[in-house]
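Text of the file upload.pdb, holding PDB, C-alpha atoms, pLDDT in the B column:
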ATOM      1  CA  MET Z   1     122.059  57.103 189.272  1.00 59.00           C
ATOM      2  CA  ASP Z   2     122.245  58.697 192.744  1.00 81.00           C
ATOM      3  CA  MET Z   3     125.880  58.839 193.876  1.00 82.00           C
ATOM      4  CA  THR Z   4     127.329  59.798 197.225  1.00 85.00           C
ATOM      5  CA  LEU Z   5     129.486  62.895 197.531  1.00 83.00           C
ATOM      6  CA  TYR Z   6     132.554  60.636 197.832  1.00 84.00           C
ATOM      7  CA  GLU Z   7     131.598  58.812 194.648  1.00 87.00           C
ATOM      8  CA  ILE Z   8     131.090  62.109 192.812  1.00 85.00           C
ATOM      9  CA  ASP Z   9     134.493  63.377 193.962  1.00 86.00           C
ATOM     10  CA  GLY Z  10     136.025  60.034 192.903  1.00 87.00           C
ATOM     11  CA  ARG Z  11     134.408  60.280 189.486  1.00 85.00           C
ATOM     12  CA  ILE Z  12     135.716  63.847 189.127  1.00 85.00           C
ATOM     13  CA  ALA Z  13     139.232  62.580 189.902  1.00 85.00           C
ATOM     14  CA  GLN Z  14     138.823  59.798 187.312  1.00 84.00           C
ATOM     15  CA  ALA Z  15     137.575  62.279 184.716  1.00 83.00           C
ATOM     16  CA  LEU Z  16     140.538  64.555 185.426  1.00 83.00           C
ATOM     17  CA  ASP Z  17     142.913  61.597 184.988  1.00 82.00           C
ATOM     18  CA  ALA Z  18     141.271  60.709 181.665  1.00 81.00           C
ATOM     19  CA  LEU Z  19     141.025  64.319 180.447  1.00 79.00           C
ATOM     20  CA  THR Z  20     144.099  64.069 178.242  1.00 81.00           C
ATOM     21  CA  ASP Z  21     145.953  61.157 176.669  1.00 80.00           C
ATOM     22  CA  GLU Z  22     149.736  60.642 176.477  1.00 80.00           C
ATOM     23  CA  ASP Z  23     149.985  63.099 173.590  1.00 79.00           C
ATOM     24  CA  GLY Z  24     148.055  65.853 175.419  1.00 78.00           C
ATOM     25  CA  VAL Z  25     144.917  65.447 173.299  1.00 81.00           C
ATOM     26  CA  ILE Z  26     141.750  66.329 175.249  1.00 82.00           C
ATOM     27  CA  ASN Z  27     139.258  63.484 175.679  1.00 82.00           C
ATOM     28  CA  GLU Z  28     135.898  65.114 174.930  1.00 84.00           C
ATOM     29  CA  GLU Z  29     133.891  62.418 176.751  1.00 84.00           C
ATOM     30  CA  ALA Z  30     135.955  62.905 179.926  1.00 83.00           C
ATOM     31  CA  GLU Z  31     135.617  66.678 179.551  1.00 83.00           C
ATOM     32  CA  ALA Z  32     131.818  66.430 179.225  1.00 86.00           C
ATOM     33  CA  GLU Z  33     131.644  64.031 182.208  1.00 83.00           C
ATOM     34  CA  LEU Z  34     133.813  66.382 184.282  1.00 82.00           C
ATOM     35  CA  GLU Z  35     131.646  69.375 183.398  1.00 85.00           C
ATOM     36  CA  ARG Z  36     128.427  67.499 184.240  1.00 83.00           C
ATOM     37  CA  LEU Z  37     129.796  66.267 187.558  1.00 83.00           C
ATOM     38  CA  GLU Z  38     131.178  69.650 188.613  1.00 83.00           C
ATOM     39  CA  GLU Z  39     128.236  71.757 187.454  1.00 84.00           C
ATOM     40  CA  GLU Z  40     125.245  69.497 188.156  1.00 83.00           C
ATOM     41  CA  ASP Z  41     125.805  66.468 190.386  1.00 84.00           C
ATOM     42  CA  ARG Z  42     128.298  67.817 192.912  1.00 83.00           C
ATOM     43  CA  PRO Z  43     126.523  71.130 193.732  1.00 87.00           C
ATOM     44  CA  ARG Z  44     123.161  69.341 194.044  1.00 83.00           C
ATOM     45  CA  LYS Z  45     124.650  66.665 196.330  1.00 85.00           C
ATOM     46  CA  ILE Z  46     126.455  69.244 198.492  1.00 84.00           C
ATOM     47  CA  GLU Z  47     123.251  71.267 198.789  1.00 85.00           C
ATOM     48  CA  ASN Z  48     121.355  68.131 199.842  1.00 82.00           C
ATOM     49  CA  CYS Z  49     124.034  67.329 202.418  1.00 84.00           C
ATOM     50  CA  VAL Z  50     123.919  70.877 203.818  1.00 89.00           C
ATOM     51  CA  LEU Z  51     120.113  70.747 204.011  1.00 88.00           C
ATOM     52  CA  PHE Z  52     120.386  67.400 205.807  1.00 87.00           C
ATOM     53  CA  ILE Z  53     122.815  68.965 208.314  1.00 90.00           C
ATOM     54  CA  LYS Z  54     120.492  71.933 208.894  1.00 91.00           C
ATOM     55  CA  ASN Z  55     117.517  69.599 209.367  1.00 90.00           C
ATOM     56  CA  ARG Z  56     119.359  67.403 211.877  1.00 91.00           C
ATOM     57  CA  ARG Z  57     120.648  70.405 213.806  1.00 91.00           C
ATOM     58  CA  ALA Z  58     117.126  71.847 213.947  1.00 92.00           C
ATOM     59  CA  GLN Z  59     115.793  68.514 215.199  1.00 94.00           C
ATOM     60  CA  ALA Z  60     118.588  68.297 217.778  1.00 94.00           C
ATOM     61  CA  ALA Z  61     117.846  71.851 218.952  1.00 93.00           C
ATOM     62  CA  ALA Z  62     114.147  71.026 219.313  1.00 95.00           C
ATOM     63  CA  ILE Z  63     115.004  67.898 221.303  1.00 96.00           C
ATOM     64  CA  ARG Z  64     117.462  69.866 223.449  1.00 96.00           C
ATOM     65  CA  GLN Z  65     114.737  72.439 224.179  1.00 96.00           C
ATOM     66  CA  GLU Z  66     112.312  69.657 225.072  1.00 97.00           C
ATOM     67  CA  GLU Z  67     114.984  68.174 227.377  1.00 97.00           C
ATOM     68  CA  VAL Z  68     115.290  71.555 229.114  1.00 97.00           C
ATOM     69  CA  THR Z  69     111.523  71.776 229.489  1.00 97.00           C
ATOM     70  CA  LEU Z  70     111.260  68.203 230.777  1.00 98.00           C
ATOM     71  CA  ALA Z  71     114.195  68.727 233.166  1.00 97.00           C
ATOM     72  CA  ALA Z  72     112.465  71.789 234.608  1.00 97.00           C
ATOM     73  CA  ARG Z  73     109.251  69.806 235.073  1.00 97.00           C
ATOM     74  CA  ARG Z  74     111.227  66.929 236.653  1.00 97.00           C
ATOM     75  CA  ARG Z  75     112.975  69.306 239.074  1.00 97.00           C
ATOM     76  CA  LYS Z  76     109.604  70.806 240.051  1.00 97.00           C
ATOM     77  CA  TYR Z  77     108.191  67.351 240.843  1.00 97.00           C
ATOM     78  CA  GLU Z  78     111.353  66.417 242.771  1.00 96.00           C
ATOM     79  CA  GLU Z  79     111.217  69.661 244.749  1.00 97.00           C
ATOM     80  CA  ASP Z  80     107.527  69.108 245.544  1.00 97.00           C
ATOM     81  CA  ALA Z  81     108.261  65.557 246.726  1.00 94.00           C
ATOM     82  CA  ASP Z  82     111.268  66.714 248.808  1.00 94.00           C
ATOM     83  CA  ARG Z  83     109.231  69.507 250.393  1.00 96.00           C
ATOM     84  CA  VAL Z  84     106.384  67.168 251.367  1.00 95.00           C
ATOM     85  CA  GLU Z  85     108.853  64.473 252.529  1.00 94.00           C
ATOM     86  CA  LYS Z  86     110.504  67.015 254.829  1.00 94.00           C
ATOM     87  CA  MET Z  87     107.087  68.029 256.160  1.00 95.00           C
ATOM     88  CA  VAL Z  88     106.174  64.360 256.854  1.00 94.00           C
ATOM     89  CA  ALA Z  89     109.560  63.715 258.499  1.00 93.00           C
ATOM     90  CA  GLU Z  90     109.115  66.731 260.778  1.00 93.00           C
ATOM     91  CA  SER Z  91     105.621  65.586 261.655  1.00 94.00           C
ATOM     92  CA  LEU Z  92     106.576  61.968 262.433  1.00 93.00           C
ATOM     93  CA  HIS Z  93     109.780  62.722 264.424  1.00 91.00           C
ATOM     94  CA  GLY Z  94     111.170  59.223 263.754  1.00 90.00           C
ATOM     95  CA  GLU Z  95     107.864  57.434 264.431  1.00 92.00           C
ATOM     96  CA  ARG Z  96     106.919  54.489 262.218  1.00 93.00           C
ATOM     97  CA  PHE Z  97     103.820  55.021 260.050  1.00 93.00           C
ATOM     98  CA  GLU Z  98     101.892  52.310 258.196  1.00 92.00           C
ATOM     99  CA  THR Z  99      98.647  52.078 256.265  1.00 94.00           C
ATOM    100  CA  PRO Z 100      97.577  49.558 253.611  1.00 93.00           C
ATOM    101  CA  ARG Z 101      98.930  51.911 250.921  1.00 93.00           C
ATOM    102  CA  ALA Z 102     101.924  53.577 252.589  1.00 92.00           C
ATOM    103  CA  LEU Z 103     104.788  52.694 254.901  1.00 94.00           C
ATOM    104  CA  VAL Z 104     107.323  55.011 256.535  1.00 94.00           C
ATOM    105  CA  THR Z 105     110.226  53.528 258.457  1.00 94.00           C
ATOM    106  CA  TRP Z 106     113.488  55.014 259.673  1.00 93.00           C
ATOM    107  CA  ARG Z 107     117.085  53.932 259.286  1.00 91.00           C
ATOM    108  CA  THR Z 108     119.969  55.426 261.186  1.00 90.00           C
ATOM    109  CA  SER Z 109     123.157  56.330 259.412  1.00 90.00           C
ATOM    110  CA  ARG Z 110     126.378  58.084 260.221  1.00 90.00           C
ATOM    111  CA  ALA Z 111     127.973  60.836 258.185  1.00 88.00           C
ATOM    112  CA  LEU Z 112     131.059  62.938 258.733  1.00 89.00           C
ATOM    113  CA  GLU Z 113     130.717  66.672 258.942  1.00 89.00           C
ATOM    114  CA  VAL Z 114     133.856  68.804 258.869  1.00 88.00           C
ATOM    115  CA  ASP Z 115     133.564  72.351 260.134  1.00 90.00           C
ATOM    116  CA  ALA Z 116     134.616  75.097 257.741  1.00 91.00           C
ATOM    117  CA  GLY Z 117     138.262  75.995 258.352  1.00 89.00           C
ATOM    118  CA  ALA Z 118     138.963  72.883 260.441  1.00 88.00           C
ATOM    119  CA  GLU Z 119     142.058  72.111 258.359  1.00 87.00           C
ATOM    120  CA  MET Z 120     143.688  75.283 259.716  1.00 89.00           C
ATOM    121  CA  GLU Z 121     143.971  73.571 263.112  1.00 88.00           C
ATOM    122  CA  TRP Z 122     145.502  70.336 261.773  1.00 89.00           C
ATOM    123  CA  ASP Z 123     149.158  69.510 262.219  1.00 89.00           C
ATOM    124  CA  ASP Z 124     151.419  68.694 259.237  1.00 89.00           C
ATOM    125  CA  ASP Z 125     150.761  64.954 259.505  1.00 88.00           C
ATOM    126  CA  GLN Z 126     146.985  65.478 259.410  1.00 89.00           C
ATOM    127  CA  VAL Z 127     147.254  67.911 256.503  1.00 85.00           C
ATOM    128  CA  SER Z 128     149.271  65.410 254.444  1.00 86.00           C
ATOM    129  CA  ARG Z 129     146.836  62.583 255.341  1.00 86.00           C
ATOM    130  CA  PHE Z 130     143.522  64.394 254.933  1.00 86.00           C
ATOM    131  CA  LEU Z 131     143.925  67.151 252.342  1.00 86.00           C
ATOM    132  CA  VAL Z 132     143.806  66.378 248.647  1.00 86.00           C
ATOM    133  CA  PHE Z 133     145.355  68.908 246.293  1.00 84.00           C
ATOM    134  CA  SER Z 134     144.329  69.032 242.672  1.00 87.00           C
ATOM    135  CA  HIS Z 135     145.290  71.186 239.732  1.00 88.00           C
ATOM    136  CA  ARG Z 136     143.993  72.129 236.343  1.00 90.00           C
ATOM    137  CA  ILE Z 137     145.376  74.255 233.563  1.00 91.00           C
ATOM    138  CA  ASP Z 138     143.900  77.745 233.409  1.00 91.00           C
ATOM    139  CA  LYS Z 139     143.486  77.924 229.634  1.00 94.00           C
ATOM    140  CA  LYS Z 140     142.363  81.551 229.732  1.00 95.00           C
ATOM    141  CA  ALA Z 141     145.574  82.602 231.491  1.00 93.00           C
ATOM    142  CA  VAL Z 142     147.754  80.501 229.148  1.00 93.00           C
ATOM    143  CA  THR Z 143     145.938  81.913 226.091  1.00 94.00           C
ATOM    144  CA  ALA Z 144     146.473  85.473 227.325  1.00 94.00           C
ATOM    145  CA  ALA Z 145     150.164  84.791 227.949  1.00 94.00           C
ATOM    146  CA  VAL Z 146     150.749  83.216 224.518  1.00 93.00           C
ATOM    147  CA  LYS Z 147     148.832  86.003 222.768  1.00 94.00           C
ATOM    148  CA  ALA Z 148     150.987  88.531 224.651  1.00 95.00           C
ATOM    149  CA  GLY Z 149     154.083  86.890 223.149  1.00 94.00           C
ATOM    150  CA  GLU Z 150     155.151  84.887 226.185  1.00 92.00           C
ATOM    151  CA  GLU Z 151     156.608  81.470 225.424  1.00 92.00           C
ATOM    152  CA  VAL Z 152     154.796  78.739 227.365  1.00 91.00           C
ATOM    153  CA  PRO Z 153     156.374  75.288 226.837  1.00 92.00           C
ATOM    154  CA  GLY Z 154     153.924  72.819 225.321  1.00 93.00           C
ATOM    155  CA  ALA Z 155     151.329  75.487 224.565  1.00 93.00           C
ATOM    156  CA  HIS Z 156     150.728  77.121 221.203  1.00 91.00           C
ATOM    157  CA  MET Z 157     147.906  78.739 219.311  1.00 92.00           C
ATOM    158  CA  VAL Z 158     146.420  76.833 216.362  1.00 92.00           C
ATOM    159  CA  GLU Z 159     144.269  78.239 213.612  1.00 89.00           C
ATOM    160  CA  ARG Z 160     141.238  76.177 212.694  1.00 88.00           C
ATOM    161  CA  ASN Z 161     138.957  76.378 209.686  1.00 81.00           C
ATOM    162  CA  ASN Z 162     135.394  75.818 210.927  1.00 79.00           C
ATOM    163  CA  ILE Z 163     132.476  75.245 208.556  1.00 71.00           C
ATOM    164  CA  GLN Z 164     129.534  77.615 208.895  1.00 77.00           C
ATOM    165  CA  ILE Z 165     126.164  76.478 207.533  1.00 71.00           C
ATOM    166  CA  GLU Z 166     123.460  79.060 207.043  1.00 79.00           C
ATOM    167  CA  GLY Z 167     120.209  79.352 205.154  1.00 67.00           C
ATOM    168  CA  ALA Z 168     119.927  80.913 201.719  1.00 50.00           C
ATOM    169  CA  LYS Z 169     120.140  84.698 201.772  1.00 46.00           C
TER     170      LYS Z 169
END

Please, can you express the file's structure as structure tokens?
Amino acid sequence: MDMTLYEIDGRIAQALDALTDEDGVINEEAEAELERLEEEDRPRKIENCVLFIKNRRAQAAAIRQEEVTLAARRRKYEEDADRVEKMVAESLHGERFETPRALVTWRTSRALEVDAGAEMEWDDDQVSRFLVFSHRIDKKAVTAAVKAGEEVPGAHMVERNNIQIEGAK
């Protein structure tokens, strides 16, 4: 019978509950079941789970690498197309071009360009209407302050226990 890790842990808990009776006498069947579960089934199932994790992470890494490779190829094609499009646009100077297989037309649009430093010349009303201020917490600075013993309201260091999965050594 192939049990899940949760089922094995549940069976271990049941065997522990049944290990002794009201008088403290050890139930040999429960003891044998507990020993089998802890020494055979559970380690094998955990090993299989860890191997599954390693396999999936390896597959994910391979896919991620392929994504990087494909993204680089995509960017190259996009850059080639942009370069040639710019060359065609410079050659046509807004002129319409049409053949049975290709058509180039032009559309006018309007876009705002703001000169660098323009906001320095704005009055207070324009600054309050046109500038957007944003903020974010500088976690590196807060971490350094807390580690240095400074009390920062709402911020505290937590210790985490992170699983590490490696191959057999």

Just want the 12 Å neighbourhood of Ala144 of chain Z, counted on all atoms listed in the file, with same-chain residues fewer than 6 positions away dropped. Output as a ChimeraX atom specification.
/Z:138,150-152,155-157

Give me, please, the distance in Å between atom CA of Glu67 of chain Z and atom CA of Asp80 of chain Z, quoted to one decimal.
19.7 Å

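Residues in contact range of Glu29 of chain Z, defined as at most 12 Å between only C-alpha atoms, with sequence neighbours fewer than 6 positions away removed, read Gln14, Ala15, Leu16, Ala18, Leu19, Thr20, Glu35 and Arg36 of chain Z.
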
Written as a list of chain:residue names, which residues does the PyMOL selection byres ((chain Z and resi 46) around 12) give for the file shown?
Z:Met3, Z:Thr4, Z:Leu5, Z:Tyr6, Z:Ile8, Z:Asp9, Z:Leu37, Z:Glu38, Z:Glu39, Z:Glu40, Z:Asp41, Z:Arg42, Z:Pro43, Z:Arg44, Z:Lys45, Z:Glu47, Z:Asn48, Z:Cys49, Z:Val50, Z:Leu51, Z:Phe52, Z:Ile53, Z:Ile165

Please, what distance in Å, to one decimal, runs between atom CA of Arg96 of chain Z and atom CA of Val84 of chain Z?
16.7 Å

Using all atoms listed in the file, which residue out of Z:Ala81, Z:Val88, Z:Ala58, Z:Leu70 lies closest to Glu166 of chain Z?
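Comparing Z:Ala81, Z:Val88, Z:Ala58, Z:Leu70 against Glu166 of chain Z, the winner is Z:Ala58.
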
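Straight-line separation from atom CA of Gly117 of chain Z to atom CA of Leu131 of chain Z: 12.1 Å.
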